[in-house]
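Participant: A single structure is presented below for examination.
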Amino acid sequence: MNQPQFVITRVAAVSPQRLALTFADGYAVQVDLSGLIARHPSLVRLQDRKVFSKVALDEWKRGVVFAGDDDLSLASDNLRALALEQAGEYSHQHVIAWMHQNGLTLDDAARALGISRRMLAYYRSGEKVVPKTIGLAMLGWESLHRQRKAA
């Protein structure tokens, strides 16, 4: 399935360790990669401005590659999630991590959040934007369950 929210139509290095991205669904954003680069030794070469500036779309437009080196590639879904998180929003990756960390099935998680299984599946896949209310509900649910375990 070709999900337009994960297809990149344009990429440009706009400053050291910052990319401008446009996705096929029209979402345009700048994302700061400095934290990601600092955390992953495999990306240390991206600290070199010359390497970072040589960014291009991969052949499927599902990620970016720096200096033509496949070892220096980043997937589009991860880039979009990082951009959303930097904007204070919740991404599909938050939903995936929350479910995994709490051992929740799709049915269990949907019940916990008071939404349909189908809607949660949309959020988890990235097909629909995760509303702040859902992100906050995940935090609240987790807090409540930590308190219950501690008691």
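Following the order of the structure tokens, chains are lettered A, B, ..., residues in each are numbered from 1, and ligands are numbered from 1.
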Might you pull out every residue within 9 Å of Gly126 (chain A), with only C-alpha atoms counted and same-chain residues fewer than 3 positions away left off, and present them as a list in words?
Facilitator: Gln3, Gln5, Phe6, Asp77, Ala81, Ser91, His92, Gln93, Ala121, Tyr122, Tyr123, Val129 and Val130 of chain A
Participant: For those residues, write all heavy atoms to a file as an mmCIF file, in the first residue's frame.
Facilitator:
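What landed in part.cif:
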data_model
loop_
_atom_site.group_PDB
_atom_site.id
_atom_site.type_symbol
_atom_site.label_atom_id
_atom_site.label_comp_id
_atom_site.auth_asym_id
_atom_site.auth_seq_id
_atom_site.Cartn_x
_atom_site.Cartn_y
_atom_site.Cartn_z
ATOM 1 N N GLN A 3 1.172 4.710 1.112
ATOM 2 C CA GLN A 3 0.616 5.688 2.025
ATOM 3 C C GLN A 3 1.240 7.060 1.747
ATOM 4 O O GLN A 3 2.431 7.254 1.984
ATOM 5 C CB GLN A 3 0.875 5.273 3.469
ATOM 6 C CG GLN A 3 0.213 3.960 3.848
ATOM 7 C CD GLN A 3 0.644 3.495 5.215
ATOM 8 O OE1 GLN A 3 1.811 3.278 5.443
ATOM 9 N NE2 GLN A 3 -0.314 3.347 6.114
ATOM 10 N N GLN A 5 1.249 9.778 3.281
ATOM 11 C CA GLN A 5 1.843 10.456 4.423
ATOM 12 C C GLN A 5 3.287 10.012 4.670
ATOM 13 O O GLN A 5 4.006 10.668 5.415
ATOM 14 C CB GLN A 5 1.001 10.277 5.692
ATOM 15 C CG GLN A 5 1.009 8.884 6.283
ATOM 16 C CD GLN A 5 -0.030 7.960 5.687
ATOM 17 O OE1 GLN A 5 -0.567 8.197 4.615
ATOM 18 N NE2 GLN A 5 -0.321 6.878 6.382
ATOM 19 N N PHE A 6 3.721 8.927 4.021
ATOM 20 C CA PHE A 6 5.091 8.459 4.174
ATOM 21 C C PHE A 6 5.896 8.528 2.875
ATOM 22 O O PHE A 6 7.015 8.035 2.819
ATOM 23 C CB PHE A 6 5.126 7.038 4.736
ATOM 24 C CG PHE A 6 4.552 6.926 6.126
ATOM 25 C CD1 PHE A 6 3.665 5.923 6.435
ATOM 26 C CD2 PHE A 6 4.894 7.834 7.113
ATOM 27 C CE1 PHE A 6 3.135 5.802 7.715
ATOM 28 C CE2 PHE A 6 4.362 7.736 8.392
ATOM 29 C CZ PHE A 6 3.482 6.725 8.693
ATOM 30 N N ASP A 77 8.900 7.309 7.514
ATOM 31 C CA ASP A 77 7.985 7.265 8.655
ATOM 32 C C ASP A 77 8.672 7.746 9.931
ATOM 33 O O ASP A 77 8.067 8.434 10.754
ATOM 34 C CB ASP A 77 7.360 5.884 8.837
ATOM 35 C CG ASP A 77 8.352 4.789 9.166
ATOM 36 O OD1 ASP A 77 9.504 4.838 8.679
ATOM 37 O OD2 ASP A 77 7.974 3.884 9.926
ATOM 38 N N ALA A 81 7.581 11.078 12.038
ATOM 39 C CA ALA A 81 7.314 10.951 13.473
ATOM 40 C C ALA A 81 8.182 11.921 14.269
ATOM 41 O O ALA A 81 7.695 12.588 15.189
ATOM 42 C CB ALA A 81 7.553 9.513 13.926
ATOM 43 N N SER A 91 2.855 10.923 17.439
ATOM 44 C CA SER A 91 2.999 10.218 16.168
ATOM 45 C C SER A 91 2.511 8.777 16.297
ATOM 46 O O SER A 91 2.255 8.293 17.394
ATOM 47 C CB SER A 91 4.474 10.201 15.747
ATOM 48 O OG SER A 91 5.213 9.292 16.555
ATOM 49 N N HIS A 92 2.423 8.120 15.154
ATOM 50 C CA HIS A 92 2.052 6.704 15.148
ATOM 51 C C HIS A 92 3.043 5.883 15.967
ATOM 52 O O HIS A 92 2.683 4.880 16.562
ATOM 53 C CB HIS A 92 1.949 6.182 13.705
ATOM 54 C CG HIS A 92 3.264 6.079 13.003
ATOM 55 N ND1 HIS A 92 3.987 7.182 12.593
ATOM 56 C CD2 HIS A 92 4.003 4.997 12.665
ATOM 57 C CE1 HIS A 92 5.107 6.789 12.023
ATOM 58 N NE2 HIS A 92 5.132 5.472 12.044
ATOM 59 N N GLN A 93 4.290 6.339 16.032
ATOM 60 C CA GLN A 93 5.286 5.605 16.802
ATOM 61 C C GLN A 93 5.006 5.666 18.302
ATOM 62 O O GLN A 93 5.326 4.730 19.031
ATOM 63 C CB GLN A 93 6.686 6.106 16.479
ATOM 64 C CG GLN A 93 7.103 5.702 15.076
ATOM 65 C CD GLN A 93 8.507 6.127 14.718
ATOM 66 O OE1 GLN A 93 9.154 6.887 15.421
ATOM 67 N NE2 GLN A 93 8.985 5.637 13.593
ATOM 68 N N ALA A 121 -6.298 1.500 14.833
ATOM 69 C CA ALA A 121 -5.463 0.948 13.760
ATOM 70 C C ALA A 121 -5.029 2.055 12.792
ATOM 71 O O ALA A 121 -3.885 2.061 12.326
ATOM 72 C CB ALA A 121 -6.211 -0.150 13.013
ATOM 73 N N TYR A 122 -5.923 3.000 12.501
ATOM 74 C CA TYR A 122 -5.555 4.148 11.654
ATOM 75 C C TYR A 122 -4.444 4.966 12.306
ATOM 76 O O TYR A 122 -3.484 5.370 11.645
ATOM 77 C CB TYR A 122 -6.759 5.062 11.418
ATOM 78 C CG TYR A 122 -7.788 4.556 10.453
ATOM 79 C CD1 TYR A 122 -9.133 4.754 10.705
ATOM 80 C CD2 TYR A 122 -7.443 3.917 9.269
ATOM 81 C CE1 TYR A 122 -10.112 4.323 9.824
ATOM 82 C CE2 TYR A 122 -8.406 3.479 8.368
ATOM 83 C CZ TYR A 122 -9.740 3.685 8.654
ATOM 84 O OH TYR A 122 -10.693 3.257 7.778
ATOM 85 N N TYR A 123 -4.571 5.229 13.600
ATOM 86 C CA TYR A 123 -3.550 6.005 14.308
ATOM 87 C C TYR A 123 -2.225 5.258 14.337
ATOM 88 O O TYR A 123 -1.162 5.828 14.116
ATOM 89 C CB TYR A 123 -3.980 6.315 15.747
ATOM 90 C CG TYR A 123 -5.216 7.166 15.882
ATOM 91 C CD1 TYR A 123 -6.049 7.016 16.973
ATOM 92 C CD2 TYR A 123 -5.564 8.126 14.928
ATOM 93 C CE1 TYR A 123 -7.197 7.793 17.128
ATOM 94 C CE2 TYR A 123 -6.695 8.896 15.061
ATOM 95 C CZ TYR A 123 -7.506 8.726 16.163
ATOM 96 O OH TYR A 123 -8.637 9.496 16.316
ATOM 97 N N VAL A 129 -3.852 11.235 11.671
ATOM 98 C CA VAL A 129 -3.090 11.963 12.677
ATOM 99 C C VAL A 129 -3.592 11.585 14.071
ATOM 100 O O VAL A 129 -4.801 11.489 14.299
ATOM 101 C CB VAL A 129 -3.245 13.491 12.452
ATOM 102 C CG1 VAL A 129 -2.578 14.284 13.560
ATOM 103 C CG2 VAL A 129 -2.698 13.879 11.085
ATOM 104 N N VAL A 130 -2.670 11.378 14.991
ATOM 105 C CA VAL A 130 -3.033 11.036 16.371
ATOM 106 C C VAL A 130 -3.431 12.332 17.084
ATOM 107 O O VAL A 130 -2.601 13.222 17.251
ATOM 108 C CB VAL A 130 -1.849 10.376 17.119
ATOM 109 C CG1 VAL A 130 -2.232 10.063 18.565
ATOM 110 C CG2 VAL A 130 -1.376 9.127 16.388
#
Participant: For Arg18 (chain A), work out the shell of residues within 6 Å, counting only C-alpha atoms and skipping chain neighbours fewer than 6 positions away, then give it as a list in words.
Facilitator: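 Residues near the query, excluding close chain neighbours: Val31, Asp32 and Leu33 of chain A.
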Participant: Write down as a PDB file with all heavy atoms, in the first residue's frame the residues belonging to chain A that are assigned strand (DSSP E) by DSSP computed on the backbone.
Facilitator:
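File produced: part_4.pdb:
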ATOM      1  N   ILE A   8       7.884  10.873   0.449  1.00  0.00           N
ATOM      2  CA  ILE A   8       8.513  12.199   0.444  1.00  0.00           C
ATOM      3  C   ILE A   8       8.603  12.686  -0.995  1.00  0.00           C
ATOM      4  O   ILE A   8       9.093  11.977  -1.877  1.00  0.00           O
ATOM      5  CB  ILE A   8       9.918  12.151   1.081  1.00  0.00           C
ATOM      6  CG1 ILE A   8       9.848  11.629   2.516  1.00  0.00           C
ATOM      7  CG2 ILE A   8      10.568  13.530   1.040  1.00  0.00           C
ATOM      8  CD1 ILE A   8      11.206  11.379   3.161  1.00  0.00           C
ATOM      9  N   THR A   9       8.147  13.894  -1.233  1.00  0.00           N
ATOM     10  CA  THR A   9       8.218  14.459  -2.583  1.00  0.00           C
ATOM     11  C   THR A   9       9.365  15.455  -2.743  1.00  0.00           C
ATOM     12  O   THR A   9       9.783  15.739  -3.858  1.00  0.00           O
ATOM     13  CB  THR A   9       6.898  15.162  -2.955  1.00  0.00           C
ATOM     14  OG1 THR A   9       6.621  16.184  -1.996  1.00  0.00           O
ATOM     15  CG2 THR A   9       5.750  14.153  -3.007  1.00  0.00           C
ATOM     16  N   ARG A  10       9.851  15.985  -1.615  1.00  0.00           N
ATOM     17  CA  ARG A  10      10.953  16.959  -1.685  1.00  0.00           C
ATOM     18  C   ARG A  10      11.755  16.912  -0.401  1.00  0.00           C
ATOM     19  O   ARG A  10      11.209  16.807   0.693  1.00  0.00           O
ATOM     20  CB  ARG A  10      10.389  18.362  -1.876  1.00  0.00           C
ATOM     21  CG  ARG A  10      11.421  19.432  -2.092  1.00  0.00           C
ATOM     22  CD  ARG A  10      10.821  20.799  -2.378  1.00  0.00           C
ATOM     23  NE  ARG A  10      10.708  21.708  -1.264  1.00  0.00           N
ATOM     24  CZ  ARG A  10      11.685  22.126  -0.459  1.00  0.00           C
ATOM     25  NH1 ARG A  10      12.891  21.644  -0.592  1.00  0.00           N
ATOM     26  NH2 ARG A  10      11.466  22.991   0.496  1.00  0.00           N
ATOM     27  N   VAL A  11      13.074  17.009  -0.541  1.00  0.00           N
ATOM     28  CA  VAL A  11      13.968  17.093   0.615  1.00  0.00           C
ATOM     29  C   VAL A  11      15.089  18.073   0.292  1.00  0.00           C
ATOM     30  O   VAL A  11      15.552  18.147  -0.840  1.00  0.00           O
ATOM     31  CB  VAL A  11      14.563  15.713   1.003  1.00  0.00           C
ATOM     32  CG1 VAL A  11      15.425  15.141  -0.102  1.00  0.00           C
ATOM     33  CG2 VAL A  11      15.350  15.815   2.307  1.00  0.00           C
ATOM     34  N   ALA A  12      15.475  18.839   1.305  1.00  0.00           N
ATOM     35  CA  ALA A  12      16.596  19.768   1.156  1.00  0.00           C
ATOM     36  C   ALA A  12      17.245  19.958   2.519  1.00  0.00           C
ATOM     37  O   ALA A  12      16.559  20.028   3.540  1.00  0.00           O
ATOM     38  CB  ALA A  12      16.123  21.113   0.608  1.00  0.00           C
ATOM     39  N   ALA A  13      18.575  20.057   2.510  1.00  0.00           N
ATOM     40  CA  ALA A  13      19.299  20.409   3.725  1.00  0.00           C
ATOM     41  C   ALA A  13      19.206  21.928   3.844  1.00  0.00           C
ATOM     42  O   ALA A  13      19.636  22.651   2.950  1.00  0.00           O
ATOM     43  CB  ALA A  13      20.746  19.960   3.625  1.00  0.00           C
ATOM     44  N   VAL A  14      18.597  22.422   4.914  1.00  0.00           N
ATOM     45  CA  VAL A  14      18.399  23.866   5.065  1.00  0.00           C
ATOM     46  C   VAL A  14      19.395  24.500   6.017  1.00  0.00           C
ATOM     47  O   VAL A  14      19.570  25.719   6.012  1.00  0.00           O
ATOM     48  CB  VAL A  14      16.952  24.209   5.505  1.00  0.00           C
ATOM     49  CG1 VAL A  14      15.984  23.870   4.392  1.00  0.00           C
ATOM     50  CG2 VAL A  14      16.571  23.507   6.784  1.00  0.00           C
ATOM     51  N   SER A  15      20.022  23.712   6.844  1.00  0.00           N
ATOM     52  CA  SER A  15      21.092  24.165   7.735  1.00  0.00           C
ATOM     53  C   SER A  15      21.776  22.912   8.250  1.00  0.00           C
ATOM     54  O   SER A  15      21.304  21.797   8.008  1.00  0.00           O
ATOM     55  CB  SER A  15      20.532  25.018   8.881  1.00  0.00           C
ATOM     56  OG  SER A  15      19.683  24.267   9.713  1.00  0.00           O
ATOM     57  N   ARG A  18      19.625  19.927   9.744  1.00  0.00           N
ATOM     58  CA  ARG A  18      18.190  20.238   9.637  1.00  0.00           C
ATOM     59  C   ARG A  18      17.754  20.048   8.183  1.00  0.00           C
ATOM     60  O   ARG A  18      18.370  20.563   7.266  1.00  0.00           O
ATOM     61  CB  ARG A  18      17.907  21.660  10.080  1.00  0.00           C
ATOM     62  CG  ARG A  18      16.428  22.034  10.010  1.00  0.00           C
ATOM     63  CD  ARG A  18      16.174  23.449  10.535  1.00  0.00           C
ATOM     64  NE  ARG A  18      16.260  23.506  11.975  1.00  0.00           N
ATOM     65  CZ  ARG A  18      15.256  23.217  12.807  1.00  0.00           C
ATOM     66  NH1 ARG A  18      14.091  22.848  12.330  1.00  0.00           N
ATOM     67  NH2 ARG A  18      15.408  23.298  14.103  1.00  0.00           N
ATOM     68  N   LEU A  19      16.648  19.285   8.028  1.00  0.00           N
ATOM     69  CA  LEU A  19      16.090  19.036   6.698  1.00  0.00           C
ATOM     70  C   LEU A  19      14.727  19.697   6.545  1.00  0.00           C
ATOM     71  O   LEU A  19      13.964  19.779   7.502  1.00  0.00           O
ATOM     72  CB  LEU A  19      15.879  17.529   6.480  1.00  0.00           C
ATOM     73  CG  LEU A  19      17.093  16.627   6.421  1.00  0.00           C
ATOM     74  CD1 LEU A  19      16.651  15.176   6.258  1.00  0.00           C
ATOM     75  CD2 LEU A  19      18.031  17.033   5.302  1.00  0.00           C
ATOM     76  N   ALA A  20      14.436  20.128   5.325  1.00  0.00           N
ATOM     77  CA  ALA A  20      13.082  20.537   4.945  1.00  0.00           C
ATOM     78  C   ALA A  20      12.516  19.380   4.137  1.00  0.00           C
ATOM     79  O   ALA A  20      13.154  18.898   3.200  1.00  0.00           O
ATOM     80  CB  ALA A  20      13.111  21.813   4.116  1.00  0.00           C
ATOM     81  N   LEU A  21      11.336  18.926   4.543  1.00  0.00           N
ATOM     82  CA  LEU A  21      10.692  17.786   3.889  1.00  0.00           C
ATOM     83  C   LEU A  21       9.286  18.151   3.460  1.00  0.00           C
ATOM     84  O   LEU A  21       8.584  18.868   4.181  1.00  0.00           O
ATOM     85  CB  LEU A  21      10.592  16.601   4.860  1.00  0.00           C
ATOM     86  CG  LEU A  21      11.886  16.033   5.406  1.00  0.00           C
ATOM     87  CD1 LEU A  21      11.606  15.163   6.614  1.00  0.00           C
ATOM     88  CD2 LEU A  21      12.598  15.240   4.329  1.00  0.00           C
ATOM     89  N   THR A  22       8.865  17.631   2.327  1.00  0.00           N
ATOM     90  CA  THR A  22       7.473  17.718   1.898  1.00  0.00           C
ATOM     91  C   THR A  22       7.023  16.300   1.576  1.00  0.00           C
ATOM     92  O   THR A  22       7.728  15.562   0.878  1.00  0.00           O
ATOM     93  CB  THR A  22       7.312  18.621   0.661  1.00  0.00           C
ATOM     94  OG1 THR A  22       7.860  19.908   0.953  1.00  0.00           O
ATOM     95  CG2 THR A  22       5.849  18.765   0.277  1.00  0.00           C
ATOM     96  N   PHE A  23       5.858  15.945   2.108  1.00  0.00           N
ATOM     97  CA  PHE A  23       5.303  14.615   1.902  1.00  0.00           C
ATOM     98  C   PHE A  23       4.180  14.678   0.867  1.00  0.00           C
ATOM     99  O   PHE A  23       3.608  15.752   0.623  1.00  0.00           O
ATOM    100  CB  PHE A  23       4.777  14.055   3.231  1.00  0.00           C
ATOM    101  CG  PHE A  23       5.874  13.765   4.225  1.00  0.00           C
ATOM    102  CD1 PHE A  23       6.367  14.764   5.048  1.00  0.00           C
ATOM    103  CD2 PHE A  23       6.417  12.498   4.315  1.00  0.00           C
ATOM    104  CE1 PHE A  23       7.384  14.500   5.956  1.00  0.00           C
ATOM    105  CE2 PHE A  23       7.430  12.227   5.221  1.00  0.00           C
ATOM    106  CZ  PHE A  23       7.916  13.232   6.047  1.00  0.00           C
ATOM    107  N   ALA A  28       4.361  19.724   4.980  1.00  0.00           N
ATOM    108  CA  ALA A  28       5.705  20.275   4.784  1.00  0.00           C
ATOM    109  C   ALA A  28       6.246  20.699   6.142  1.00  0.00           C
ATOM    110  O   ALA A  28       5.542  21.341   6.927  1.00  0.00           O
ATOM    111  CB  ALA A  28       5.666  21.456   3.827  1.00  0.00           C
ATOM    112  N   VAL A  29       7.488  20.336   6.407  1.00  0.00           N
ATOM    113  CA  VAL A  29       8.039  20.548   7.742  1.00  0.00           C
ATOM    114  C   VAL A  29       9.558  20.599   7.685  1.00  0.00           C
ATOM    115  O   VAL A  29      10.166  20.096   6.745  1.00  0.00           O
ATOM    116  CB  VAL A  29       7.572  19.399   8.678  1.00  0.00           C
ATOM    117  CG1 VAL A  29       8.179  18.083   8.276  1.00  0.00           C
ATOM    118  CG2 VAL A  29       7.831  19.703  10.132  1.00  0.00           C
ATOM    119  N   GLN A  30      10.129  21.228   8.693  1.00  0.00           N
ATOM    120  CA  GLN A  30      11.567  21.129   8.906  1.00  0.00           C
ATOM    121  C   GLN A  30      11.788  20.243  10.119  1.00  0.00           C
ATOM    122  O   GLN A  30      11.046  20.315  11.102  1.00  0.00           O
ATOM    123  CB  GLN A  30      12.189  22.499   9.137  1.00  0.00           C
ATOM    124  CG  GLN A  30      12.259  23.325   7.886  1.00  0.00           C
ATOM    125  CD  GLN A  30      13.123  24.562   8.040  1.00  0.00           C
ATOM    126  OE1 GLN A  30      13.895  24.694   8.988  1.00  0.00           O
ATOM    127  NE2 GLN A  30      12.995  25.470   7.093  1.00  0.00           N
ATOM    128  N   VAL A  31      12.799  19.395  10.037  1.00  0.00           N
ATOM    129  CA  VAL A  31      13.096  18.476  11.140  1.00  0.00           C
ATOM    130  C   VAL A  31      14.572  18.599  11.510  1.00  0.00           C
ATOM    131  O   VAL A  31      15.440  18.634  10.643  1.00  0.00           O
ATOM    132  CB  VAL A  31      12.703  17.021  10.777  1.00  0.00           C
ATOM    133  CG1 VAL A  31      13.478  16.494   9.604  1.00  0.00           C
ATOM    134  CG2 VAL A  31      12.849  16.110  11.970  1.00  0.00           C
ATOM    135  N   ASP A  32      14.813  18.701  12.808  1.00  0.00           N
ATOM    136  CA  ASP A  32      16.164  18.823  13.349  1.00  0.00           C
ATOM    137  C   ASP A  32      16.683  17.425  13.666  1.00  0.00           C
ATOM    138  O   ASP A  32      16.112  16.715  14.496  1.00  0.00           O
ATOM    139  CB  ASP A  32      16.118  19.682  14.615  1.00  0.00           C
ATOM    140  CG  ASP A  32      17.479  19.872  15.252  1.00  0.00           C
ATOM    141  OD1 ASP A  32      18.485  19.315  14.753  1.00  0.00           O
ATOM    142  OD2 ASP A  32      17.541  20.587  16.274  1.00  0.00           O
ATOM    143  N   VAL A  55      22.003  15.386   0.476  1.00  0.00           N
ATOM    144  CA  VAL A  55      20.832  14.579   0.789  1.00  0.00           C
ATOM    145  C   VAL A  55      19.953  14.442  -0.458  1.00  0.00           C
ATOM    146  O   VAL A  55      19.836  15.383  -1.249  1.00  0.00           O
ATOM    147  CB  VAL A  55      20.020  15.177   1.970  1.00  0.00           C
ATOM    148  CG1 VAL A  55      19.449  16.541   1.622  1.00  0.00           C
ATOM    149  CG2 VAL A  55      18.933  14.228   2.436  1.00  0.00           C
ATOM    150  N   ALA A  56      19.390  13.277  -0.631  1.00  0.00           N
ATOM    151  CA  ALA A  56      18.504  13.019  -1.773  1.00  0.00           C
ATOM    152  C   ALA A  56      17.454  12.001  -1.348  1.00  0.00           C
ATOM    153  O   ALA A  56      17.610  11.291  -0.351  1.00  0.00           O
ATOM    154  CB  ALA A  56      19.310  12.474  -2.951  1.00  0.00           C
ATOM    155  N   LEU A  57      16.385  11.938  -2.108  1.00  0.00           N
ATOM    156  CA  LEU A  57      15.358  10.922  -1.870  1.00  0.00           C
ATOM    157  C   LEU A  57      15.896   9.556  -2.278  1.00  0.00           C
ATOM    158  O   LEU A  57      16.674   9.453  -3.227  1.00  0.00           O
ATOM    159  CB  LEU A  57      14.114  11.227  -2.705  1.00  0.00           C
ATOM    160  CG  LEU A  57      13.381  12.520  -2.382  1.00  0.00           C
ATOM    161  CD1 LEU A  57      12.242  12.741  -3.359  1.00  0.00           C
ATOM    162  CD2 LEU A  57      12.879  12.494  -0.955  1.00  0.00           C
ATOM    163  N   GLY A  63      12.271   7.436   1.936  1.00  0.00           N
ATOM    164  CA  GLY A  63      13.344   7.789   2.851  1.00  0.00           C
ATOM    165  C   GLY A  63      14.327   8.704   2.157  1.00  0.00           C
ATOM    166  O   GLY A  63      14.137   9.083   0.997  1.00  0.00           O
ATOM    167  N   VAL A  64      15.363   9.073   2.917  1.00  0.00           N
ATOM    168  CA  VAL A  64      16.405   9.930   2.364  1.00  0.00           C
ATOM    169  C   VAL A  64      17.750   9.230   2.542  1.00  0.00           C
ATOM    170  O   VAL A  64      17.934   8.425   3.444  1.00  0.00           O
ATOM    171  CB  VAL A  64      16.436  11.324   3.033  1.00  0.00           C
ATOM    172  CG1 VAL A  64      15.125  12.066   2.780  1.00  0.00           C
ATOM    173  CG2 VAL A  64      16.738  11.241   4.519  1.00  0.00           C
ATOM    174  N   VAL A  65      18.675   9.576   1.647  1.00  0.00           N
ATOM    175  CA  VAL A  65      20.023   9.018   1.660  1.00  0.00           C
ATOM    176  C   VAL A  65      20.995  10.191   1.572  1.00  0.00           C
ATOM    177  O   VAL A  65      20.768  11.135   0.814  1.00  0.00           O
ATOM    178  CB  VAL A  65      20.245   8.064   0.461  1.00  0.00           C
ATOM    179  CG1 VAL A  65      21.649   7.511   0.451  1.00  0.00           C
ATOM    180  CG2 VAL A  65      19.229   6.944   0.473  1.00  0.00           C
ATOM    181  N   PHE A  66      22.055  10.113   2.344  1.00  0.00           N
ATOM    182  CA  PHE A  66      23.063  11.171   2.347  1.00  0.00           C
ATOM    183  C   PHE A  66      24.307  10.702   1.617  1.00  0.00           C
ATOM    184  O   PHE A  66      24.797   9.587   1.845  1.00  0.00           O
ATOM    185  CB  PHE A  66      23.429  11.545   3.789  1.00  0.00           C
ATOM    186  CG  PHE A  66      22.282  12.129   4.561  1.00  0.00           C
ATOM    187  CD1 PHE A  66      21.396  11.308   5.246  1.00  0.00           C
ATOM    188  CD2 PHE A  66      22.072  13.506   4.581  1.00  0.00           C
ATOM    189  CE1 PHE A  66      20.337  11.842   5.960  1.00  0.00           C
ATOM    190  CE2 PHE A  66      21.006  14.042   5.287  1.00  0.00           C
ATOM    191  CZ  PHE A  66      20.140  13.218   5.980  1.00  0.00           C
ATOM    192  N   ASP A  69      25.187   7.143   0.176  1.00  0.00           N
ATOM    193  CA  ASP A  69      25.613   6.031   1.024  1.00  0.00           C
ATOM    194  C   ASP A  69      24.399   5.423   1.731  1.00  0.00           C
ATOM    195  O   ASP A  69      23.812   6.047   2.609  1.00  0.00           O
ATOM    196  CB  ASP A  69      26.629   6.535   2.048  1.00  0.00           C
ATOM    197  CG  ASP A  69      27.226   5.432   2.899  1.00  0.00           C
ATOM    198  OD1 ASP A  69      26.672   4.313   2.928  1.00  0.00           O
ATOM    199  OD2 ASP A  69      28.251   5.706   3.550  1.00  0.00           O
ATOM    200  N   ASP A  70      24.045   4.196   1.360  1.00  0.00           N
ATOM    201  CA  ASP A  70      22.882   3.534   1.965  1.00  0.00           C
ATOM    202  C   ASP A  70      23.021   3.344   3.473  1.00  0.00           C
ATOM    203  O   ASP A  70      22.021   3.168   4.169  1.00  0.00           O
ATOM    204  CB  ASP A  70      22.623   2.175   1.305  1.00  0.00           C
ATOM    205  CG  ASP A  70      22.021   2.324  -0.082  1.00  0.00           C
ATOM    206  OD1 ASP A  70      21.447   3.396  -0.378  1.00  0.00           O
ATOM    207  OD2 ASP A  70      22.119   1.366  -0.874  1.00  0.00           O
ATOM    208  N   ASP A  71      24.241   3.375   3.986  1.00  0.00           N
ATOM    209  CA  ASP A  71      24.443   3.306   5.438  1.00  0.00           C
ATOM    210  C   ASP A  71      24.027   4.609   6.122  1.00  0.00           C
ATOM    211  O   ASP A  71      23.882   4.646   7.340  1.00  0.00           O
ATOM    212  CB  ASP A  71      25.901   2.999   5.776  1.00  0.00           C
ATOM    213  CG  ASP A  71      26.284   1.568   5.417  1.00  0.00           C
ATOM    214  OD1 ASP A  71      25.385   0.702   5.369  1.00  0.00           O
ATOM    215  OD2 ASP A  71      27.484   1.324   5.186  1.00  0.00           O
ATOM    216  N   LEU A  72      23.847   5.646   5.343  1.00  0.00           N
ATOM    217  CA  LEU A  72      23.412   6.943   5.865  1.00  0.00           C
ATOM    218  C   LEU A  72      22.015   7.251   5.333  1.00  0.00           C
ATOM    219  O   LEU A  72      21.793   8.247   4.646  1.00  0.00           O
ATOM    220  CB  LEU A  72      24.391   8.056   5.456  1.00  0.00           C
ATOM    221  CG  LEU A  72      25.810   7.931   6.009  1.00  0.00           C
ATOM    222  CD1 LEU A  72      26.693   9.034   5.437  1.00  0.00           C
ATOM    223  CD2 LEU A  72      25.800   7.977   7.534  1.00  0.00           C
ATOM    224  N   SER A  73      21.081   6.372   5.639  1.00  0.00           N
ATOM    225  CA  SER A  73      19.711   6.566   5.159  1.00  0.00           C
ATOM    226  C   SER A  73      18.756   6.614   6.342  1.00  0.00           C
ATOM    227  O   SER A  73      19.004   6.015   7.387  1.00  0.00           O
ATOM    228  CB  SER A  73      19.314   5.466   4.181  1.00  0.00           C
ATOM    229  OG  SER A  73      19.346   4.211   4.818  1.00  0.00           O
ATOM    230  N   LEU A  74      17.678   7.358   6.157  1.00  0.00           N
ATOM    231  CA  LEU A  74      16.646   7.492   7.188  1.00  0.00           C
ATOM    232  C   LEU A  74      15.286   7.275   6.536  1.00  0.00           C
ATOM    233  O   LEU A  74      15.007   7.812   5.465  1.00  0.00           O
ATOM    234  CB  LEU A  74      16.704   8.876   7.831  1.00  0.00           C
ATOM    235  CG  LEU A  74      18.021   9.227   8.540  1.00  0.00           C
ATOM    236  CD1 LEU A  74      18.029  10.699   8.932  1.00  0.00           C
ATOM    237  CD2 LEU A  74      18.218   8.338   9.753  1.00  0.00           C
ATOM    238  N   ALA A  75      14.445   6.496   7.191  1.00  0.00           N
ATOM    239  CA  ALA A  75      13.128   6.158   6.660  1.00  0.00           C
ATOM    240  C   ALA A  75      12.145   7.307   6.828  1.00  0.00           C
ATOM    241  O   ALA A  75      12.179   8.044   7.812  1.00  0.00           O
ATOM    242  CB  ALA A  75      12.590   4.909   7.355  1.00  0.00           C
TER     243      ALA A  75
END
Participant: Using only C-alpha atoms, which of the listed residues (A:Tyr27, A:Gly68, A:Gly114, A:Arg148) sits closest to Leu84 (chain A)?
Facilitator: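 Smallest distance to Leu84 (chain A) is found for A:Tyr27.
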Participant: Select, from A:Ala67, A:Asp58, A:Ala24, A:Ser116, the residue with the minimum atom-to-atom distance to Arg45 (chain A), counting only C-alpha atoms.
Facilitator: A:Ala67
Participant: Which is closest to Lys132 (chain A) among A:Arg111, A:Leu106, A:His145, A:Tyr90, if we use only C-alpha atoms?
Facilitator: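 Once distances to Lys132 (chain A) are computed over only C-alpha atoms, the minimum belongs to A:Tyr90.
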Participant: Enumerate, as a ChimeraX atom specification, the complete set of residues in region 46-111 of chain A that a backbone-based DSSP assignment places in alpha helix (DSSP H).
Facilitator: /A:49-53,76-86,92-101,106-111
Participant: Kindly assemble as JSON lines a list of the region 8-95 of chain A residues that lie within 12 Å of region 136-140 of chain A, each paired with its nearest atom pair and their distance in Å to one decimal, using only C-alpha atoms, sorted first by chain and then by ascending residue number.
Facilitator:
{"residue": "A:Gly88", "atom": "CA", "partner": "A:Leu136", "partner_atom": "CA", "distance": 11.7}
{"residue": "A:Glu89", "atom": "CA", "partner": "A:Leu136", "partner_atom": "CA", "distance": 10.3}
{"residue": "A:Tyr90", "atom": "CA", "partner": "A:Leu136", "partner_atom": "CA", "distance": 9.0}
{"residue": "A:His94", "atom": "CA", "partner": "A:Met138", "partner_atom": "CA", "distance": 9.0}
{"residue": "A:Val95", "atom": "CA", "partner": "A:Met138", "partner_atom": "CA", "distance": 8.1}
